[in-house]
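Enquirer: What follows is the file data03.txt, containing compact mmCIF, C-alpha atoms and all ligand atoms:
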```txt
# COMPACT_ATOMS: atom_id res chain seq x y z
CA MET A 15 -3.84 -1.53 7.15
CA SER A 16 -1.59 -4.04 5.51
CA THR A 17 -1.97 -6.35 2.56
CA ALA A 18 -1.00 -9.97 2.09
CA GLU A 19 2.53 -9.06 0.98
CA THR A 20 3.20 -6.59 3.76
CA VAL A 21 3.60 -6.91 7.52
CA PRO A 22 1.90 -4.55 10.01
CA LEU A 23 4.06 -1.62 11.01
CA ASP A 24 5.17 -1.95 14.62
CA PRO A 25 7.66 0.85 15.36
CA GLN A 26 9.12 -0.99 18.35
CA GLN A 27 9.76 -4.01 16.16
CA VAL A 28 11.19 -1.82 13.39
CA ARG A 29 13.59 -0.20 15.86
CA GLN A 30 15.18 -3.58 16.47
CA ASP A 31 16.53 -3.39 12.93
CA PHE A 32 18.29 -0.05 13.52
CA PRO A 33 21.41 -0.44 15.66
CA ILE A 34 22.05 3.29 15.92
CA LEU A 35 18.68 3.94 17.55
CA HIS A 36 19.91 2.04 20.60
CA ARG A 37 22.80 4.33 21.36
CA THR A 38 22.81 7.12 23.91
CA VAL A 39 24.04 10.68 23.57
CA HIS A 40 25.73 12.80 26.20
CA GLU A 41 26.19 9.56 28.07
CA GLN A 42 22.84 8.98 29.67
CA TYR A 43 20.22 10.07 27.15
CA PRO A 44 18.70 7.52 24.78
CA LEU A 45 18.87 8.97 21.28
CA VAL A 46 15.63 10.51 20.00
CA TYR A 47 16.34 10.88 16.30
CA LEU A 48 13.96 13.43 14.79
CA ASP A 49 16.12 14.68 11.92
CA ASN A 50 14.77 12.35 9.26
CA ALA A 51 14.11 15.06 6.69
CA ALA A 52 17.87 15.67 6.64
CA THR A 53 18.76 12.00 6.44
CA THR A 54 17.38 8.76 7.79
CA GLN A 55 19.11 5.93 9.62
CA ARG A 56 19.78 2.55 8.02
CA PRO A 57 18.45 -0.82 9.04
CA ARG A 58 20.76 -3.75 9.62
CA GLN A 59 19.59 -5.16 6.28
CA VAL A 60 21.03 -2.18 4.38
CA ILE A 61 24.21 -2.20 6.45
CA GLN A 62 24.59 -5.91 5.74
CA SER A 63 24.08 -5.29 2.04
CA ILE A 64 26.94 -2.79 2.10
CA VAL A 65 29.14 -5.29 3.93
CA GLN A 66 28.14 -8.23 1.76
CA THR A 67 28.69 -6.44 -1.53
CA SER A 68 32.07 -5.25 -0.26
CA GLU A 69 33.08 -8.67 1.07
CA GLN A 70 31.74 -10.87 -1.72
CA HIS A 71 30.79 -9.15 -4.95
CA TYR A 72 32.70 -5.92 -5.32
CA ALA A 73 34.26 -4.88 -8.61
CA ASN A 74 33.65 -2.13 -11.12
CA VAL A 75 30.47 -2.45 -13.16
CA HIS A 76 30.02 -2.79 -16.91
CA ARG A 77 33.75 -3.29 -17.46
CA GLY A 78 35.64 -6.41 -16.54
CA ILE A 79 34.85 -9.80 -17.98
CA HIS A 80 35.41 -11.54 -14.70
CA THR A 81 33.16 -13.07 -12.11
CA LEU A 82 33.17 -10.24 -9.59
CA SER A 83 32.50 -7.64 -12.24
CA GLU A 84 29.59 -9.65 -13.60
CA GLN A 85 28.17 -10.06 -10.11
CA SER A 86 28.47 -6.41 -9.18
CA THR A 87 26.98 -5.43 -12.56
CA ASP A 88 24.02 -7.78 -12.01
CA LEU A 89 23.43 -6.41 -8.52
CA TYR A 90 23.72 -2.81 -9.71
CA GLU A 91 21.31 -3.37 -12.60
CA SER A 92 18.93 -5.26 -10.36
CA ALA A 93 18.92 -2.24 -8.02
CA ARG A 94 17.92 -0.13 -11.03
CA GLN A 95 15.00 -2.47 -11.66
CA LYS A 96 13.94 -2.24 -8.02
CA VAL A 97 13.89 1.54 -8.30
CA GLN A 98 11.95 1.26 -11.56
CA ARG A 99 9.24 -0.86 -9.92
CA PHE A 100 9.23 1.28 -6.77
CA ILE A 101 8.24 4.44 -8.66
CA ASN A 102 6.45 2.57 -11.47
CA ALA A 103 8.66 3.80 -14.28
CA ALA A 104 7.92 2.19 -17.64
CA ARG A 105 11.49 1.05 -18.33
CA PRO A 106 14.73 0.51 -16.39
CA GLU A 107 16.72 2.87 -18.62
CA GLU A 108 14.54 5.72 -17.38
CA ILE A 109 16.30 5.36 -14.02
CA ILE A 110 19.60 7.24 -13.80
CA PHE A 111 21.72 6.72 -10.70
CA THR A 112 23.16 10.00 -9.48
CA ARG A 113 24.73 11.13 -6.21
CA GLY A 114 21.40 12.44 -4.96
CA THR A 115 18.52 14.81 -5.57
CA THR A 116 20.87 17.77 -5.95
CA GLU A 117 22.84 16.13 -8.74
CA SER A 118 19.65 14.86 -10.40
CA ILE A 119 18.20 18.36 -10.66
CA ASN A 120 21.54 19.83 -11.77
CA LEU A 121 21.65 17.17 -14.49
CA VAL A 122 18.28 18.32 -15.85
CA ALA A 123 19.18 22.01 -15.55
CA ARG A 124 22.47 21.51 -17.39
CA SER A 125 21.53 18.94 -19.97
CA TRP A 126 17.89 19.71 -20.76
CA GLY A 127 18.00 23.35 -19.63
CA ASP A 128 21.03 24.47 -21.65
CA ALA A 129 19.62 22.87 -24.80
CA ASN A 130 16.01 23.95 -24.43
CA THR A 131 15.77 27.36 -22.79
CA GLY A 132 16.66 30.90 -23.77
CA PRO A 133 15.53 34.50 -23.44
CA GLY A 134 11.74 34.74 -23.55
CA ASP A 135 11.32 31.29 -21.96
CA GLU A 136 10.23 30.77 -18.38
CA ILE A 137 10.58 28.18 -15.66
CA LEU A 138 7.93 28.06 -12.97
CA LEU A 139 9.02 27.17 -9.43
CA THR A 140 7.45 27.72 -6.02
CA GLU A 141 8.39 29.82 -3.04
CA MET A 142 8.90 26.73 -0.90
CA GLU A 143 11.67 25.04 -2.88
CA HIS A 144 14.81 23.60 -1.33
CA HIS A 145 17.92 25.34 -2.70
CA ALA A 146 18.58 22.16 -4.73
CA ASN A 147 15.50 23.01 -6.80
CA LEU A 148 16.29 26.69 -6.98
CA VAL A 149 20.00 27.39 -7.38
CA PRO A 150 20.46 25.17 -10.48
CA TRP A 151 17.67 27.22 -12.13
CA HIS A 152 19.29 30.51 -11.08
CA GLN A 153 22.49 29.21 -12.66
CA LEU A 154 20.60 28.21 -15.79
CA ALA A 155 18.97 31.66 -15.94
CA ALA A 156 22.44 33.22 -15.81
CA ARG A 157 23.60 30.98 -18.68
CA THR A 158 20.63 31.08 -21.05
CA GLY A 159 18.52 34.07 -20.02
CA VAL A 160 15.50 31.97 -19.09
CA LYS A 161 13.27 33.76 -16.57
CA LEU A 162 12.23 32.22 -13.26
CA ARG A 163 8.73 32.72 -11.89
CA PHE A 164 7.33 31.52 -8.59
CA ILE A 165 4.05 30.19 -7.27
CA PRO A 166 3.65 32.04 -3.95
CA LEU A 167 2.97 30.49 -0.58
CA ARG A 168 -0.10 31.43 1.42
CA GLU A 169 0.10 32.30 5.09
CA ASP A 170 -1.17 28.80 5.96
CA GLY A 171 1.82 27.22 4.19
CA GLN A 172 -0.16 26.00 1.17
CA LEU A 173 0.68 27.06 -2.36
CA ASP A 174 -1.45 29.91 -3.65
CA LEU A 175 -2.70 28.43 -6.91
CA ASP A 176 -5.20 31.22 -7.62
CA ARG A 177 -2.72 32.79 -10.00
CA LEU A 178 -1.51 29.53 -11.52
CA GLU A 179 -3.12 30.30 -14.89
CA ASP A 180 -1.35 33.72 -15.00
CA LEU A 181 1.99 32.28 -13.99
CA LEU A 182 1.84 29.36 -16.39
CA THR A 183 1.89 30.58 -19.96
CA ASP A 184 2.96 29.32 -23.35
CA ARG A 185 6.40 30.69 -22.50
CA THR A 186 6.73 28.23 -19.59
CA ARG A 187 9.12 25.45 -20.59
CA LEU A 188 9.20 23.64 -17.25
CA VAL A 189 7.39 23.54 -13.93
CA ALA A 190 9.72 22.32 -11.18
CA VAL A 191 7.99 21.69 -7.88
CA SER A 192 8.61 19.84 -4.66
CA ALA A 193 6.16 17.03 -3.87
CA MET A 194 6.64 17.73 -0.17
CA SER A 195 8.29 20.74 1.42
CA ASN A 196 11.28 19.89 3.59
CA VAL A 197 10.38 22.71 5.99
CA LEU A 198 6.59 22.90 6.10
CA GLY A 199 5.77 19.37 5.00
CA THR A 200 3.34 20.95 2.52
CA VAL A 201 2.03 18.56 -0.11
CA PRO A 202 0.96 20.56 -3.17
CA PRO A 203 -1.86 19.36 -5.45
CA LEU A 204 0.46 17.83 -8.00
CA GLU A 205 -2.33 16.55 -10.21
CA ARG A 206 -3.71 20.05 -10.69
CA ILE A 207 -0.25 21.46 -11.37
CA VAL A 208 0.59 18.71 -13.89
CA GLN A 209 -2.74 19.22 -15.68
CA ALA A 210 -2.16 22.96 -15.92
CA ALA A 211 1.40 22.41 -17.16
CA ARG A 212 0.21 19.90 -19.77
CA SER A 213 -2.38 22.37 -21.06
CA THR A 214 0.39 24.84 -21.93
CA GLY A 215 2.89 22.24 -23.09
CA ALA A 216 5.34 22.73 -20.19
CA LEU A 217 7.34 19.82 -18.82
CA VAL A 218 7.10 18.88 -15.14
CA LEU A 219 9.97 18.05 -12.80
CA VAL A 220 9.14 16.81 -9.30
CA ASP A 221 11.60 17.16 -6.45
CA ALA A 222 10.47 14.09 -4.56
CA ALA A 223 13.30 13.97 -2.00
CA GLN A 224 10.82 14.23 0.88
CA TRP A 225 7.99 12.37 -0.78
CA VAL A 226 9.40 9.10 -2.08
CA PRO A 227 10.47 7.83 1.38
CA HIS A 228 6.99 8.34 2.82
CA ARG A 229 4.27 7.97 0.20
CA PRO A 230 3.68 5.86 -2.89
CA THR A 231 5.12 7.22 -6.12
CA ASP A 232 3.81 6.46 -9.60
CA VAL A 233 5.55 8.47 -12.30
CA GLN A 234 3.29 7.08 -15.01
CA ALA A 235 0.02 7.79 -13.22
CA TRP A 236 1.30 11.23 -12.24
CA ASP A 237 2.34 11.85 -15.84
CA VAL A 238 5.51 13.70 -14.85
CA ASP A 239 8.63 14.10 -16.99
CA PHE A 240 11.39 14.13 -14.38
CA LEU A 241 11.49 13.03 -10.76
CA ALA A 242 14.45 13.33 -8.39
CA PHE A 243 15.11 11.74 -5.01
CA SER A 244 17.91 10.59 -2.68
CA GLY A 245 18.71 7.19 -1.21
CA HIS A 246 19.81 8.53 2.16
CA LYS A 247 16.38 9.91 3.05
CA MET A 248 14.73 6.50 2.58
CA LEU A 249 16.86 4.21 4.76
CA GLY A 250 19.49 3.80 2.05
CA PRO A 251 23.15 4.81 1.89
CA SER A 252 24.26 8.36 1.23
CA GLY A 253 26.01 9.07 -2.05
CA VAL A 254 23.31 7.64 -4.29
CA GLY A 255 20.16 9.15 -5.71
CA VAL A 256 17.91 8.85 -8.69
CA LEU A 257 16.80 10.84 -11.64
CA TYR A 258 13.76 9.43 -13.36
CA GLY A 259 13.26 10.84 -16.82
CA ARG A 260 10.78 9.99 -19.51
CA ARG A 261 12.61 7.93 -22.14
CA GLU A 262 11.77 10.20 -25.08
CA LEU A 263 13.23 13.15 -23.19
CA LEU A 264 16.35 11.53 -21.75
CA GLY A 265 17.03 9.97 -25.13
CA GLN A 266 17.28 13.41 -26.73
CA MET A 267 19.27 15.08 -23.97
CA PRO A 268 23.02 15.63 -24.29
CA PRO A 269 25.33 14.14 -21.63
CA PHE A 270 25.84 16.11 -18.43
CA LEU A 271 29.25 14.83 -17.31
CA GLY A 272 31.78 13.45 -19.75
CA GLY A 273 34.14 10.54 -19.16
CA GLY A 274 34.26 6.77 -19.10
CA GLY A 275 31.12 4.71 -19.32
CA MET A 276 29.01 7.34 -21.05
CA ILE A 277 30.33 6.94 -24.57
CA ARG A 278 29.79 4.66 -27.53
CA ARG A 279 32.98 5.73 -29.29
CA VAL A 280 35.74 8.26 -28.73
CA THR A 281 38.27 9.59 -31.19
CA LEU A 282 40.82 12.33 -30.93
CA GLU A 283 38.33 14.50 -32.79
CA GLY A 284 35.28 13.90 -30.63
CA PHE A 285 32.91 11.35 -29.13
CA GLU A 286 29.58 9.69 -29.61
CA PRO A 287 27.51 9.34 -26.44
CA ALA A 288 26.12 6.02 -25.25
CA ASP A 289 22.40 5.31 -24.99
CA ILE A 290 20.55 5.97 -21.75
CA PRO A 291 21.02 5.27 -18.90
CA ALA A 292 24.83 4.95 -19.43
CA ARG A 293 24.93 8.35 -21.16
CA PHE A 294 24.19 9.99 -17.82
CA GLU A 295 26.35 7.77 -15.62
CA ALA A 296 29.86 8.94 -16.45
CA GLY A 297 32.67 7.47 -14.39
CA THR A 298 32.44 4.76 -11.76
CA PRO A 299 28.96 5.01 -10.27
CA PRO A 300 28.09 4.61 -6.56
CA ILE A 301 28.02 0.84 -6.92
CA VAL A 302 27.75 -0.31 -3.32
CA ALA A 303 25.37 2.53 -2.43
CA ALA A 304 23.03 1.81 -5.35
CA ILE A 305 22.86 -1.86 -4.37
CA GLY A 306 22.19 -0.73 -0.79
CA LEU A 307 19.40 1.50 -2.04
CA GLY A 308 17.83 -1.56 -3.64
CA GLU A 309 17.97 -3.24 -0.24
CA ALA A 310 16.34 -0.19 1.39
CA ILE A 311 13.52 -0.46 -1.16
CA ASP A 312 13.05 -4.13 -0.24
CA TYR A 313 12.97 -3.15 3.43
CA LEU A 314 10.40 -0.36 2.95
CA SER A 315 8.30 -2.61 0.75
CA ARG A 316 7.63 -4.88 3.72
CA PHE A 317 5.22 -2.27 5.03
CA SER A 318 2.13 -0.77 3.48
CA TRP A 319 2.19 2.91 2.58
CA GLU A 320 -1.10 3.26 4.44
CA ASP A 321 0.55 2.06 7.65
CA ILE A 322 3.58 4.32 7.21
CA HIS A 323 1.40 7.34 6.50
CA ALA A 324 -1.01 6.62 9.36
CA HIS A 325 1.90 6.26 11.77
CA GLU A 326 3.58 9.49 10.68
CA LEU A 327 0.26 11.33 10.81
CA ARG A 328 -0.32 10.07 14.37
CA LEU A 329 3.09 11.38 15.44
CA THR A 330 2.58 14.68 13.64
CA ARG A 331 -0.83 15.23 15.24
CA LEU A 332 0.61 14.45 18.65
CA ALA A 333 3.47 16.89 18.04
CA HIS A 334 1.04 19.64 17.01
CA GLU A 335 -1.06 18.94 20.09
CA LEU A 336 1.84 18.93 22.56
CA LEU A 337 3.89 21.72 20.99
CA GLY A 338 0.74 23.81 20.59
CA GLU A 339 0.50 23.96 24.38
CA ILE A 340 3.97 25.48 24.79
CA PRO A 341 3.71 29.25 25.26
CA GLY A 342 5.66 31.30 22.72
CA LEU A 343 6.03 28.44 20.25
CA ARG A 344 4.62 28.84 16.74
CA ILE A 345 4.37 25.98 14.27
CA LEU A 346 4.93 26.96 10.63
CA GLY A 347 2.83 25.52 7.84
CA PRO A 348 -0.30 23.47 7.37
CA GLU A 349 -2.25 21.27 9.77
CA PRO A 350 -1.09 17.63 10.03
CA GLU A 351 -3.81 16.38 7.64
CA HIS A 352 -2.38 18.50 4.85
CA LYS A 353 1.30 17.70 5.14
CA GLY A 354 3.97 15.09 5.73
CA GLY A 355 5.60 14.18 9.06
CA ILE A 356 7.51 17.42 9.40
CA VAL A 357 6.99 19.97 12.17
CA SER A 358 8.96 23.21 11.93
CA PHE A 359 8.51 25.86 14.55
CA VAL A 360 9.85 29.10 15.93
CA PHE A 361 10.12 30.19 19.52
CA GLU A 362 9.56 33.80 20.44
CA ARG A 363 12.88 35.38 21.40
CA ILE A 364 14.84 32.09 21.33
CA HIS A 365 17.08 31.35 18.37
CA ALA A 366 16.51 28.07 16.56
CA HIS A 367 20.16 27.07 17.06
CA ASP A 368 19.86 27.52 20.82
CA VAL A 369 16.73 25.38 20.80
CA ALA A 370 18.43 22.60 18.82
CA TYR A 371 21.53 22.79 21.01
CA LEU A 372 19.55 22.45 24.21
CA LEU A 373 17.43 19.64 22.77
CA ASP A 374 20.61 17.80 21.85
CA ARG A 375 21.81 18.11 25.44
CA ARG A 376 18.78 15.95 26.26
CA GLY A 377 19.37 13.48 23.47
CA VAL A 378 16.84 14.91 21.01
CA ALA A 379 18.27 15.38 17.49
CA VAL A 380 16.48 18.00 15.39
CA ARG A 381 17.63 20.41 12.73
CA ALA A 382 17.80 24.16 13.09
CA GLY A 383 18.52 26.91 10.59
CA HIS A 384 17.07 27.75 7.21
CA HIS A 385 17.05 24.10 6.08
CA CYS A 386 18.33 25.16 2.66
CA ALA A 387 15.11 27.07 2.05
CA MET A 388 16.01 30.70 2.67
CA PRO A 389 13.26 32.23 0.48
CA LEU A 390 10.66 30.19 2.35
CA HIS A 391 11.86 31.50 5.70
CA LYS A 392 11.91 35.03 4.35
CA ARG A 393 8.30 34.55 3.25
CA PHE A 394 7.37 33.79 6.86
CA GLY A 395 9.43 36.66 8.22
CA VAL A 396 11.87 34.45 10.12
CA GLY A 397 15.56 33.79 9.61
CA ALA A 398 15.54 30.27 10.95
CA SER A 399 13.33 27.56 12.40
CA THR A 400 13.71 24.34 14.35
CA ARG A 401 12.46 21.19 12.67
CA ALA A 402 11.39 17.79 13.95
CA SER A 403 10.78 15.20 11.23
CA PHE A 404 9.43 11.71 11.71
CA TYR A 405 9.81 8.31 10.13
CA LEU A 406 8.54 4.80 10.58
CA TYR A 407 10.80 4.03 13.55
CA ASN A 408 9.82 7.03 15.67
CA THR A 409 7.45 6.56 18.60
CA GLU A 410 4.87 8.57 20.49
CA GLU A 411 7.14 8.42 23.50
CA GLU A 412 9.80 10.25 21.47
CA VAL A 413 7.33 13.00 20.61
CA HIS A 414 6.64 13.36 24.34
CA ARG A 415 10.38 13.57 24.96
CA LEU A 416 10.62 16.34 22.36
CA ALA A 417 7.77 18.29 23.96
CA GLU A 418 9.19 17.90 27.47
CA ALA A 419 12.62 19.00 26.34
CA LEU A 420 11.10 22.02 24.57
CA ASP A 421 9.26 23.03 27.68
CA GLN A 422 12.57 22.89 29.54
CA VAL A 423 14.12 25.11 26.87
CA ARG A 424 11.32 27.63 27.39
CA GLN A 425 11.79 27.59 31.15
CA PHE A 426 15.56 27.90 30.81
CA PHE A 427 15.18 31.09 28.77
CA ARG A 428 12.51 32.53 31.05
CA GLN A 429 14.92 32.58 33.95
N1 LIG B 1 15.06 18.62 -2.20
C1 LIG B 1 14.45 18.55 -1.00
C2 LIG B 1 12.98 18.79 -0.89
C3 LIG B 1 15.21 18.21 0.13
O1 LIG B 1 14.62 18.14 1.31
C4 LIG B 1 16.62 18.00 -0.01
C5 LIG B 1 17.49 17.73 1.16
C6 LIG B 1 17.17 18.06 -1.29
C7 LIG B 1 16.36 18.38 -2.36
C8 LIG B 1 18.62 17.77 -1.53
O2 LIG B 1 18.85 16.43 -1.34
P1 LIG B 1 20.36 15.87 -1.35
O3 LIG B 1 20.20 14.42 -0.99
O4 LIG B 1 20.86 16.05 -2.73
O5 LIG B 1 21.10 16.65 -0.34
N2 LIG B 1 17.02 18.26 2.36
C9 LIG B 1 17.68 18.39 3.51
C10 LIG B 1 17.09 18.91 4.63
O6 LIG B 1 15.93 19.30 4.69
N3 LIG B 1 17.99 18.92 5.63
O7 LIG B 1 19.13 18.42 5.17
C11 LIG B 1 18.96 18.08 3.85
```
Starting from the file, give its structure as structure tokens.
Ligand code: 7TS
Expert:
Amino acid sequence: MSTAETVPLDPQQVRQDFPILHRTVHEQYPLVYLDNAATTQRPRQVIQSIVQTSEQHYANVHRGIHTLSEQSTDLYESARQKVQRFINAARPEEIIFTRGTTESINLVARSWGDANTGPGDEILLTEMEHHANLVPWHQLAARTGVKLRFIPLREDGQLDLDRLEDLLTDRTRLVAVSAMSNVLGTVPPLERIVQAARSTGALVLVDAAQWVPHRPTDVQAWDVDFLAFSGHKMLGPSGVGVLYGRRELLGQMPPFLGGGGMIRRVTLEGFEPADIPARFEAGTPPIVAAIGLGEAIDYLSRFSWEDIHAHELRLTRLAHELLGEIPGLRILGPEPEHKGGIVSFVFERIHAHDVAYLLDRRGVAVRAGHHCAMPLHKRFGVGASTRASFYLYNTEEEVHRLAEALDQVRQFFRQ
């Protein structure tokens, strides 16, 4: 389905915009890029934005009173507004440009966490978090004594919310949860979690690294306090990401990094921080990358979310169907209807790295390992898994290529 402002999603047409998808690997194999949960490729439009900014408009932002500086500042601030509209934030200053999801969450843990947590307080996470939404909280716990608690995962890869009311108490200061697991694709019932958190007065941080590229985001409708995501997982450049924070919260938070750009006044005795968003953008920001992220948002906005979701669901269903027929292969996590376009699996007696290596020999790029989610793998009793993850430019033919290559892997190891 598409609306008047969007064009129908035709993956073959989309592929024309992605030069890298036309290359081969190991000489004769056309690339089958199924590592989109790690990072996505960039369309020509984003590449051109990087080139054009660099060739025509590049200078440092918010500093020089010269033409190039004014142009780069306008482009940078217009990218902020694009992000604001994209996630429906109430105001542009609620958008902080960071280096990525990891830095966004570290910013909250350092700035909000150090000032607002201590012994007797708790932070509620889940067992499926990426290390980016786990390690900063471990570090915070070591600094302030805050205690971490975890919503467990059920065998089917869904969160076990039966004990939510026990886990969430008036000691809980923050609930930090992924909107989509990078391993299982699990999509937790955010609305229920936010409601429960609100009833105890806890704040909510959403790790939306895997969500924002694939589904519509509305921070106001969701009523969340913080939301983090990365440009490079949504067709944008690497090196830029976003922290959304509610204005009242960000406005009260101390700076995370100190340096140029984040101050109102500095003396030899001390400093006075700038208002948001500058307070959290110390130093020269990722100027070209942020402008490129704005371009990626324009590109994604050509298509309807319904079309993107329907396409990814079609590929995920096909993958479950084809991979389900391969003896010895077990898919981790929920059924396609209950998750994003991510299919992680384990092969009996074949290590995930061997699987990924052999797939690569046939041109199929997947990720293998613990995908920065070691506790999740431990929960499922495996050390590693192999993961195929889809995006709008992947095709059914590519899913067939994955399944064929996997069957060859199985036969190779049977010999
Ligand atoms: N949170 C989730 C859910 C993620 O999937 C990732 C990256 C991050 C946070 C960190 O994002 P970054 O841009 O700061 O690195 N996930 C993956 C992955 O699954 N494979 O490689 C990176």
Enquirer: Could you jot down the atom CA of Ile207 of chain A to atom CA of Leu346 of chain A separation for me, Å, one decimal place?
Expert: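 Taking atom CA of Ile207 of chain A and atom CA of Leu346 of chain A, their separation equals 23.3 Å.
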Enquirer: For the atom pair atom CA of Arg177 of chain A and atom CA of Val396 of chain A, what is the interatomic distance in Å to one decimal place?
Expert: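 Those two atoms sit 24.9 Å apart.
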Enquirer: Distance limit 9 Å, reference ligand LIG 1 (chain B), atoms considered: all atoms listed in the file. Which residues make the cut? Give them as an NGL selection string.
Expert: :A and (49-53 or 113-119 or 142-147 or 192-197 or 221-225 or 242-247 or 252-255 or 381 or 384-387 or 401)
Enquirer: So what do you get for atom CA of Thr158 of chain A versus atom CA of Phe294 of chain A, distance-wise?
Expert: 21.6 Å
Enquirer: So which residues touch Thr67 of chain A within 8 Å, counting all atoms listed in the file, skipping near sequence neighbours fewer than 6 positions away, as number ranges by chain?
Expert: A: 86, 302, 305
